[in-house]
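One structure below.
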Amino acid sequence: MALILDDFTATIVPWRGAIFIGLLVTFTTLEIMFPRRLNVMTPSQRWGANFLLGAMNVILLRLILPLTLVGIAVNYNVGIISSLGVNPLASLLISLIALDLLIYWQHRLFHIIPIFWRFHKVHHSDLDLDASSAVRFHPGEALISFAIKAAAVIALGINANAIIIFEVLLSSFALFNHSNIRMGGLDALLRFAIVTPDMHRLHHSRDRHEVKMNFGFCLSIWDKAFGSYQASPRTKMETLQLGLEGHHKQQPSIIETLTLPFRPAFHFRSKNKKH
């Protein structure tokens with residue numbers, strides 16, 4: 001079994017980028033063909049900043065940092081799960097579930113701890129939600145998230161195979177549950193097990209209560225188990241206002257987006273303001 005998992009993950013590694021791009025193109029195409037909502041802004045107003053932030057994080061986490069999570073798992077595989085002595089498949093399943101639970105609580109902490117929220121609100125400042133929103137994270141948040149996950153990998157003893165598979169799952173689910181795809185009754189059916197686009201879109205509501213609900217990324221069970229699940233918004237999904245309270249007129253520039261965590265209030269200059 002260990003050899004099978006090693007072979008499987010070794011096959012995945014060279015294709016990780018292709019899998020991400022393939023899913024991005026697929027979900028974007030479905031969004032155009034079957035949109036759930038009419039977007040406030042055009043793709044040209046949003047995609048540039050979103051994909052630039054995504055590219056910056058790839059460069060930061062893959063090229064600049066000395067170790068990736070896989071490298072940490074290879075060099076520091078000494079934690080709880082590695083000491084259980086279970087077979088490789090059981091270890092993989094336990095690791096994937098533990099990592100998904102970790103991402104759930106990490107996401108909640110980014111809404112609770114003020115310094116974390118300063119960086120995470122860049123993600124929530126998007127006025128629309130589509131597959132490109134899945135990569136809209138401030139580099140500061142990417143670093144904090146990496147540090148939390150690295151500590152968990154060491155403490156739990158998660159091996160490299162589990163890290164590789166989970167990172168593929170995480171990026172794939174992020175693209176899926178941020179997408180603007182009309183799914184009809186299938187959305188309600190799928191959310192018994194996984195986080196769906198409608199479920200996650202509610203989390204991006206401008207409403208102060210709704211933005212504190214539906215933190216999950218892969219499994220929907222965590223929100224239901226820890227009291228943060230809300231099935232539907234107070235208004236219709238088609239007219240649900242997204243983004244941050246107090247900002248709903250324009251998309252900020254990339255410089256304004258990058259400096260947002262370091263400014264006291266969320267105010268952008270109006271492009272239509274007369275001087």
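In the structure tokens, chains take the letters A, B, ... in the order shown, each chain's residues start at 1, and ligands count up from 1 in the order shown.
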
Would you give me, as a tab-separated table, each residue of stretch 19-104 of chain A having an atom within 12 Å of an atom of stretch 204-228 of chain A, along with its shortest atom pair and that distance in Å to one decimal, using only C-alpha atoms and sorting by chain and residue number?
residue	atom	partner	partner_atom	distance
A:Leu96	CA	A:Cys218	CA	10.1
A:Ile97	CA	A:Leu219	CA	8.5
A:Ala98	CA	A:Leu219	CA	11.0
A:Leu99	CA	A:Cys218	CA	10.1
A:Asp100	CA	A:Cys218	CA	6.6
A:Leu101	CA	A:Trp222	CA	6.9
A:Leu102	CA	A:Gly216	CA	9.9
A:Ile103	CA	A:Phe217	CA	7.4
A:Tyr104	CA	A:Gly216	CA	5.0

Could the residues in this selection be saved with N, CA and C atoms as a CSV table (one decimal), in the first residue's frame?
chain,number,residue,atom,x,y,z
A,96,LEU,N,-5.8,13.5,6.1
A,96,LEU,CA,-6.7,14.4,5.3
A,96,LEU,C,-7.8,15.0,6.1
A,97,ILE,N,-8.4,14.2,7.0
A,97,ILE,CA,-9.5,14.7,7.8
A,97,ILE,C,-9.0,15.8,8.8
A,98,ALA,N,-7.8,15.5,9.4
A,98,ALA,CA,-7.2,16.4,10.4
A,98,ALA,C,-6.8,17.7,9.7
A,99,LEU,N,-6.3,17.6,8.5
A,99,LEU,CA,-5.9,18.9,7.8
A,99,LEU,C,-7.1,19.7,7.4
A,100,ASP,N,-8.2,19.0,7.0
A,100,ASP,CA,-9.4,19.8,6.7
A,100,ASP,C,-10.0,20.5,7.9
A,101,LEU,N,-10.0,19.8,9.1
A,101,LEU,CA,-10.4,20.4,10.3
A,101,LEU,C,-9.5,21.6,10.7
A,102,LEU,N,-8.2,21.4,10.5
A,102,LEU,CA,-7.3,22.5,10.7
A,102,LEU,C,-7.6,23.7,9.9
A,103,ILE,N,-7.9,23.5,8.6
A,103,ILE,CA,-8.2,24.6,7.7
A,103,ILE,C,-9.5,25.3,8.2
A,104,TYR,N,-10.5,24.6,8.6
A,104,TYR,CA,-11.7,25.1,9.2
A,104,TYR,C,-11.4,26.1,10.3

Compile a residue-level contact table for stretch 29-99 of chain A against stretch 124-147 of chain A at a cut-off of 6 Å, reporting for every qualifying residue the shortest atom pair and its distance in Å to one decimal, with only C-alpha atoms counted, rows ordered by chain and ascending number, as a tab-separated table.
residue	atom	partner	partner_atom	distance
A:Asn39	CA	A:Asp128	CA	5.9
A:Asn50	CA	A:Arg136	CA	4.8
A:Leu53	CA	A:Arg136	CA	5.8
A:Gly54	CA	A:Val135	CA	4.7
A:Asn57	CA	A:Pro139	CA	5.6

All helix (DSSP H, G or I) residues (DSSP, backbone) inside stretch 10-60 of chain A, as a PDB file with N, CA and C atoms, in the first residue's frame:
ATOM      1  N   ALA A  10       3.679  10.475  -6.669  1.00  0.00           N
ATOM      2  CA  ALA A  10       4.757  10.809  -7.602  1.00  0.00           C
ATOM      3  C   ALA A  10       4.191  11.138  -8.977  1.00  0.00           C
ATOM      4  N   THR A  11       3.071  10.510  -9.326  1.00  0.00           N
ATOM      5  CA  THR A  11       2.412  10.798 -10.603  1.00  0.00           C
ATOM      6  C   THR A  11       1.715  12.145 -10.564  1.00  0.00           C
ATOM      7  N   ILE A  12       1.156  12.500  -9.403  1.00  0.00           N
ATOM      8  CA  ILE A  12       0.416  13.753  -9.264  1.00  0.00           C
ATOM      9  C   ILE A  12       1.325  14.969  -9.348  1.00  0.00           C
ATOM     10  N   VAL A  13       2.495  14.890  -8.709  1.00  0.00           N
ATOM     11  CA  VAL A  13       3.357  16.063  -8.555  1.00  0.00           C
ATOM     12  C   VAL A  13       3.604  16.824  -9.854  1.00  0.00           C
ATOM     13  N   PRO A  14       4.004  16.156 -10.945  1.00  0.00           N
ATOM     14  CA  PRO A  14       4.271  16.928 -12.172  1.00  0.00           C
ATOM     15  C   PRO A  14       3.007  17.526 -12.787  1.00  0.00           C
ATOM     16  N   TRP A  15       1.850  17.025 -12.383  1.00  0.00           N
ATOM     17  CA  TRP A  15       0.589  17.449 -12.992  1.00  0.00           C
ATOM     18  C   TRP A  15      -0.207  18.411 -12.116  1.00  0.00           C
ATOM     19  N   ARG A  16       0.355  18.814 -10.987  1.00  0.00           N
ATOM     20  CA  ARG A  16      -0.404  19.683 -10.071  1.00  0.00           C
ATOM     21  C   ARG A  16      -0.809  20.988 -10.735  1.00  0.00           C
ATOM     22  N   GLY A  17       0.110  21.615 -11.432  1.00  0.00           N
ATOM     23  CA  GLY A  17      -0.198  22.866 -12.121  1.00  0.00           C
ATOM     24  C   GLY A  17      -1.229  22.668 -13.206  1.00  0.00           C
ATOM     25  N   ALA A  18      -1.094  21.567 -13.953  1.00  0.00           N
ATOM     26  CA  ALA A  18      -2.039  21.289 -15.033  1.00  0.00           C
ATOM     27  C   ALA A  18      -3.435  21.011 -14.491  1.00  0.00           C
ATOM     28  N   ILE A  19      -3.512  20.311 -13.359  1.00  0.00           N
ATOM     29  CA  ILE A  19      -4.813  20.031 -12.739  1.00  0.00           C
ATOM     30  C   ILE A  19      -5.483  21.338 -12.331  1.00  0.00           C
ATOM     31  N   PHE A  20      -4.707  22.236 -11.709  1.00  0.00           N
ATOM     32  CA  PHE A  20      -5.264  23.518 -11.274  1.00  0.00           C
ATOM     33  C   PHE A  20      -5.756  24.335 -12.466  1.00  0.00           C
ATOM     34  N   ILE A  21      -4.929  24.464 -13.480  1.00  0.00           N
ATOM     35  CA  ILE A  21      -5.314  25.259 -14.650  1.00  0.00           C
ATOM     36  C   ILE A  21      -6.501  24.634 -15.362  1.00  0.00           C
ATOM     37  N   GLY A  22      -6.504  23.302 -15.474  1.00  0.00           N
ATOM     38  CA  GLY A  22      -7.626  22.623 -16.115  1.00  0.00           C
ATOM     39  C   GLY A  22      -8.944  22.865 -15.394  1.00  0.00           C
ATOM     40  N   LEU A  23      -8.911  22.795 -14.054  1.00  0.00           N
ATOM     41  CA  LEU A  23     -10.129  23.055 -13.282  1.00  0.00           C
ATOM     42  C   LEU A  23     -10.528  24.525 -13.349  1.00  0.00           C
ATOM     43  N   LEU A  24      -9.553  25.414 -13.335  1.00  0.00           N
ATOM     44  CA  LEU A  24      -9.841  26.847 -13.449  1.00  0.00           C
ATOM     45  C   LEU A  24     -10.549  27.143 -14.766  1.00  0.00           C
ATOM     46  N   VAL A  25     -10.041  26.598 -15.854  1.00  0.00           N
ATOM     47  CA  VAL A  25     -10.670  26.804 -17.167  1.00  0.00           C
ATOM     48  C   VAL A  25     -12.059  26.177 -17.200  1.00  0.00           C
ATOM     49  N   THR A  26     -12.188  24.982 -16.620  1.00  0.00           N
ATOM     50  CA  THR A  26     -13.479  24.284 -16.614  1.00  0.00           C
ATOM     51  C   THR A  26     -14.534  25.065 -15.833  1.00  0.00           C
ATOM     52  N   PHE A  27     -14.194  25.480 -14.607  1.00  0.00           N
ATOM     53  CA  PHE A  27     -15.158  26.202 -13.785  1.00  0.00           C
ATOM     54  C   PHE A  27     -15.469  27.586 -14.368  1.00  0.00           C
ATOM     55  N   THR A  28     -14.473  28.241 -14.940  1.00  0.00           N
ATOM     56  CA  THR A  28     -14.710  29.549 -15.554  1.00  0.00           C
ATOM     57  C   THR A  28     -15.640  29.417 -16.751  1.00  0.00           C
ATOM     58  N   THR A  29     -15.457  28.362 -17.536  1.00  0.00           N
ATOM     59  CA  THR A  29     -16.338  28.119 -18.678  1.00  0.00           C
ATOM     60  C   THR A  29     -17.768  27.859 -18.219  1.00  0.00           C
ATOM     61  N   LEU A  30     -17.916  27.053 -17.166  1.00  0.00           N
ATOM     62  CA  LEU A  30     -19.250  26.761 -16.636  1.00  0.00           C
ATOM     63  C   LEU A  30     -19.903  28.009 -16.057  1.00  0.00           C
ATOM     64  N   GLU A  31     -19.091  28.892 -15.461  1.00  0.00           N
ATOM     65  CA  GLU A  31     -19.620  30.152 -14.935  1.00  0.00           C
ATOM     66  C   GLU A  31     -20.198  31.015 -16.052  1.00  0.00           C
ATOM     67  N   ILE A  32     -19.528  31.024 -17.166  1.00  0.00           N
ATOM     68  CA  ILE A  32     -19.995  31.822 -18.313  1.00  0.00           C
ATOM     69  C   ILE A  32     -21.258  31.220 -18.906  1.00  0.00           C
ATOM     70  N   MET A  33     -21.308  29.895 -18.965  1.00  0.00           N
ATOM     71  CA  MET A  33     -22.453  29.206 -19.577  1.00  0.00           C
ATOM     72  C   MET A  33     -23.657  29.143 -18.634  1.00  0.00           C
ATOM     73  N   PRO A  43     -14.892  40.943 -15.684  1.00  0.00           N
ATOM     74  CA  PRO A  43     -13.660  40.202 -15.401  1.00  0.00           C
ATOM     75  C   PRO A  43     -12.402  41.057 -15.513  1.00  0.00           C
ATOM     76  N   SER A  44     -12.371  41.984 -16.468  1.00  0.00           N
ATOM     77  CA  SER A  44     -11.184  42.818 -16.644  1.00  0.00           C
ATOM     78  C   SER A  44     -10.913  43.701 -15.426  1.00  0.00           C
ATOM     79  N   GLN A  45     -11.960  43.987 -14.645  1.00  0.00           N
ATOM     80  CA  GLN A  45     -11.794  44.821 -13.446  1.00  0.00           C
ATOM     81  C   GLN A  45     -11.313  44.014 -12.240  1.00  0.00           C
ATOM     82  N   ARG A  46     -11.413  42.693 -12.309  1.00  0.00           N
ATOM     83  CA  ARG A  46     -11.121  41.876 -11.133  1.00  0.00           C
ATOM     84  C   ARG A  46     -10.016  40.858 -11.350  1.00  0.00           C
ATOM     85  N   TRP A  47     -10.012  40.211 -12.492  1.00  0.00           N
ATOM     86  CA  TRP A  47      -9.125  39.070 -12.695  1.00  0.00           C
ATOM     87  C   TRP A  47      -7.655  39.440 -12.602  1.00  0.00           C
ATOM     88  N   GLY A  48      -7.292  40.622 -13.091  1.00  0.00           N
ATOM     89  CA  GLY A  48      -5.883  41.027 -13.044  1.00  0.00           C
ATOM     90  C   GLY A  48      -5.338  41.025 -11.633  1.00  0.00           C
ATOM     91  N   ALA A  49      -6.054  41.683 -10.708  1.00  0.00           N
ATOM     92  CA  ALA A  49      -5.613  41.746  -9.312  1.00  0.00           C
ATOM     93  C   ALA A  49      -5.652  40.368  -8.661  1.00  0.00           C
ATOM     94  N   ASN A  50      -6.708  39.598  -8.926  1.00  0.00           N
ATOM     95  CA  ASN A  50      -6.837  38.281  -8.306  1.00  0.00           C
ATOM     96  C   ASN A  50      -5.701  37.346  -8.716  1.00  0.00           C
ATOM     97  N   PHE A  51      -5.443  37.283 -10.023  1.00  0.00           N
ATOM     98  CA  PHE A  51      -4.405  36.366 -10.489  1.00  0.00           C
ATOM     99  C   PHE A  51      -3.004  36.873 -10.158  1.00  0.00           C
ATOM    100  N   LEU A  52      -2.824  38.178 -10.062  1.00  0.00           N
ATOM    101  CA  LEU A  52      -1.529  38.713  -9.651  1.00  0.00           C
ATOM    102  C   LEU A  52      -1.237  38.340  -8.202  1.00  0.00           C
ATOM    103  N   LEU A  53      -2.252  38.449  -7.332  1.00  0.00           N
ATOM    104  CA  LEU A  53      -2.074  38.021  -5.942  1.00  0.00           C
ATOM    105  C   LEU A  53      -1.751  36.530  -5.879  1.00  0.00           C
ATOM    106  N   GLY A  54      -2.453  35.748  -6.687  1.00  0.00           N
ATOM    107  CA  GLY A  54      -2.180  34.313  -6.716  1.00  0.00           C
ATOM    108  C   GLY A  54      -0.764  34.003  -7.164  1.00  0.00           C
ATOM    109  N   ALA A  55      -0.286  34.712  -8.194  1.00  0.00           N
ATOM    110  CA  ALA A  55       1.072  34.500  -8.693  1.00  0.00           C
ATOM    111  C   ALA A  55       2.108  34.891  -7.642  1.00  0.00           C
ATOM    112  N   MET A  56       1.853  35.986  -6.932  1.00  0.00           N
ATOM    113  CA  MET A  56       2.774  36.428  -5.884  1.00  0.00           C
ATOM    114  C   MET A  56       2.893  35.372  -4.794  1.00  0.00           C
ATOM    115  N   ASN A  57       1.785  34.744  -4.444  1.00  0.00           N
ATOM    116  CA  ASN A  57       1.814  33.726  -3.392  1.00  0.00           C
ATOM    117  C   ASN A  57       2.532  32.462  -3.850  1.00  0.00           C
ATOM    118  N   VAL A  58       2.378  32.104  -5.121  1.00  0.00           N
ATOM    119  CA  VAL A  58       3.104  30.945  -5.650  1.00  0.00           C
ATOM    120  C   VAL A  58       4.602  31.204  -5.587  1.00  0.00           C
ATOM    121  N   ILE A  59       5.019  32.388  -6.006  1.00  0.00           N
ATOM    122  CA  ILE A  59       6.443  32.744  -5.964  1.00  0.00           C
ATOM    123  C   ILE A  59       6.955  32.736  -4.527  1.00  0.00           C
ATOM    124  N   LEU A  60       6.155  33.279  -3.621  1.00  0.00           N
ATOM    125  CA  LEU A  60       6.560  33.356  -2.218  1.00  0.00           C
ATOM    126  C   LEU A  60       6.698  31.975  -1.594  1.00  0.00           C
TER     127      LEU A  60
END

| task | Give me, please, the distance in Å between atom CA of A:Ala73 and atom CA of A:Trp105, quoted to one decimal. | result |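 Atom CA of A:Trp105 lies 20.8 Å from atom CA of A:Ala73.
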
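Pairwise distance (atom CA of A:Ala150, atom CA of A:Asn87) equals 23.2 Å.
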
| task | For atom CA of A:Phe110 and atom CA of A:Val70, determine how far apart the two atoms are, in Å to one decimal place. | result |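 Result for atom CA of A:Phe110 versus atom CA of A:Val70: 23.6 Å, one decimal.
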
| query | Quick one: residues within 12 Å of A:Pro264, only C-alpha atoms counted, chain neighbours fewer than 6 positions away excluded, as a count of residues only? | reply | 3

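Between A:Phe166 and the candidates A:Gln241, A:Ser82, A:Asn75, A:Ser95, the tightest atom-to-atom separation, counting only C-alpha atoms, involves A:Ser95.
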
| Of the residues A:Val153, A:Leu109, A:Val168, A:Ala90, which is the one nearest to A:Thr9, using only C-alpha atoms? |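 Checking each of A:Val153, A:Leu109, A:Val168, A:Ala90 against A:Thr9, counting only C-alpha atoms, the winner is A:Val168.
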
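Look at A:Met199: the protein and nucleic acid residues within 10 Å of it, using only C-alpha atoms and passing over chain neighbours fewer than 2 places away, are Asn177, His178, Asp187, Ala188, Arg191, Ile194, Val195, Thr196, Pro197, Arg201, Leu202, His203, His204, Met213, Asn214, Phe215, Gly216, Phe217, Ser220, Tyr229, Gln230, Ala231, Ser232 and Pro233 of chain A.
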
Hey, can you spit out that residue selection with N, CA and C atoms as an mmCIF file, in the first residue's frame?
data_model
loop_
_atom_site.group_PDB
_atom_site.id
_atom_site.type_symbol
_atom_site.label_atom_id
_atom_site.label_comp_id
_atom_site.auth_asym_id
_atom_site.auth_seq_id
_atom_site.Cartn_x
_atom_site.Cartn_y
_atom_site.Cartn_z
ATOM 1 N N ASN A 177 -15.752 25.868 -4.799
ATOM 2 C CA ASN A 177 -16.727 26.526 -3.937
ATOM 3 C C ASN A 177 -16.695 28.051 -4.028
ATOM 4 N N HIS A 178 -15.727 28.616 -4.763
ATOM 5 C CA HIS A 178 -15.775 30.041 -5.063
ATOM 6 C C HIS A 178 -16.449 30.324 -6.412
ATOM 7 N N ASP A 187 -26.738 21.506 -5.591
ATOM 8 C CA ASP A 187 -25.990 22.179 -4.530
ATOM 9 C C ASP A 187 -26.442 21.696 -3.157
ATOM 10 N N ALA A 188 -27.746 21.646 -2.951
ATOM 11 C CA ALA A 188 -28.279 21.207 -1.659
ATOM 12 C C ALA A 188 -27.941 19.744 -1.385
ATOM 13 N N ARG A 191 -24.034 19.390 -0.463
ATOM 14 C CA ARG A 191 -23.573 19.973 0.798
ATOM 15 C C ARG A 191 -23.808 19.080 2.012
ATOM 16 N N ILE A 194 -19.956 17.941 1.215
ATOM 17 C CA ILE A 194 -18.887 18.875 0.884
ATOM 18 C C ILE A 194 -19.407 20.314 0.835
ATOM 19 N N VAL A 195 -18.470 21.247 0.871
ATOM 20 C CA VAL A 195 -18.809 22.664 0.781
ATOM 21 C C VAL A 195 -19.094 23.010 -0.681
ATOM 22 N N THR A 196 -20.226 23.640 -0.928
ATOM 23 C CA THR A 196 -20.669 23.950 -2.281
ATOM 24 C C THR A 196 -20.558 25.461 -2.542
ATOM 25 N N PRO A 197 -20.696 25.882 -3.802
ATOM 26 C CA PRO A 197 -20.625 27.319 -4.108
ATOM 27 C C PRO A 197 -21.641 28.170 -3.352
ATOM 28 N N ARG A 201 -20.606 30.988 -0.767
ATOM 29 C CA ARG A 201 -20.931 32.364 -1.162
ATOM 30 C C ARG A 201 -21.588 33.116 -0.015
ATOM 31 N N LEU A 202 -22.395 32.454 0.774
ATOM 32 C CA LEU A 202 -23.012 33.092 1.930
ATOM 33 C C LEU A 202 -21.950 33.652 2.866
ATOM 34 N N HIS A 203 -20.826 32.960 2.994
ATOM 35 C CA HIS A 203 -19.736 33.419 3.857
ATOM 36 C C HIS A 203 -19.139 34.736 3.365
ATOM 37 N N HIS A 204 -19.276 35.028 2.090
ATOM 38 C CA HIS A 204 -18.756 36.280 1.520
ATOM 39 C C HIS A 204 -19.796 37.391 1.538
ATOM 40 N N MET A 213 -20.268 32.827 9.173
ATOM 41 C CA MET A 213 -20.828 31.495 9.022
ATOM 42 C C MET A 213 -20.140 30.784 7.843
ATOM 43 N N ASN A 214 -20.255 29.447 7.823
ATOM 44 C CA ASN A 214 -19.788 28.627 6.695
ATOM 45 C C ASN A 214 -18.299 28.827 6.398
ATOM 46 N N PHE A 215 -17.461 28.387 7.342
ATOM 47 C CA PHE A 215 -16.017 28.552 7.217
ATOM 48 C C PHE A 215 -15.332 27.400 6.484
ATOM 49 N N GLY A 216 -16.021 26.288 6.279
ATOM 50 C CA GLY A 216 -15.389 25.099 5.721
ATOM 51 C C GLY A 216 -14.921 25.282 4.292
ATOM 52 N N PHE A 217 -13.976 24.428 3.886
ATOM 53 C CA PHE A 217 -13.490 24.448 2.506
ATOM 54 C C PHE A 217 -13.769 23.140 1.788
ATOM 55 N N SER A 220 -18.273 19.629 4.710
ATOM 56 C CA SER A 220 -19.275 20.529 5.294
ATOM 57 C C SER A 220 -19.603 20.195 6.736
ATOM 58 N N TYR A 229 -22.956 26.812 10.757
ATOM 59 C CA TYR A 229 -23.595 26.530 9.464
ATOM 60 C C TYR A 229 -24.859 27.358 9.297
ATOM 61 N N GLN A 230 -25.002 27.971 8.136
ATOM 62 C CA GLN A 230 -26.234 28.660 7.754
ATOM 63 C C GLN A 230 -26.589 28.206 6.348
ATOM 64 N N ALA A 231 -27.781 27.687 6.175
ATOM 65 C CA ALA A 231 -28.174 27.065 4.907
ATOM 66 C C ALA A 231 -28.360 28.071 3.785
ATOM 67 N N SER A 232 -28.947 29.216 4.095
ATOM 68 C CA SER A 232 -29.240 30.193 3.046
ATOM 69 C C SER A 232 -29.170 31.599 3.618
ATOM 70 N N PRO A 233 -28.902 32.582 2.779
ATOM 71 C CA PRO A 233 -28.819 33.967 3.261
ATOM 72 C C PRO A 233 -30.191 34.533 3.584
#
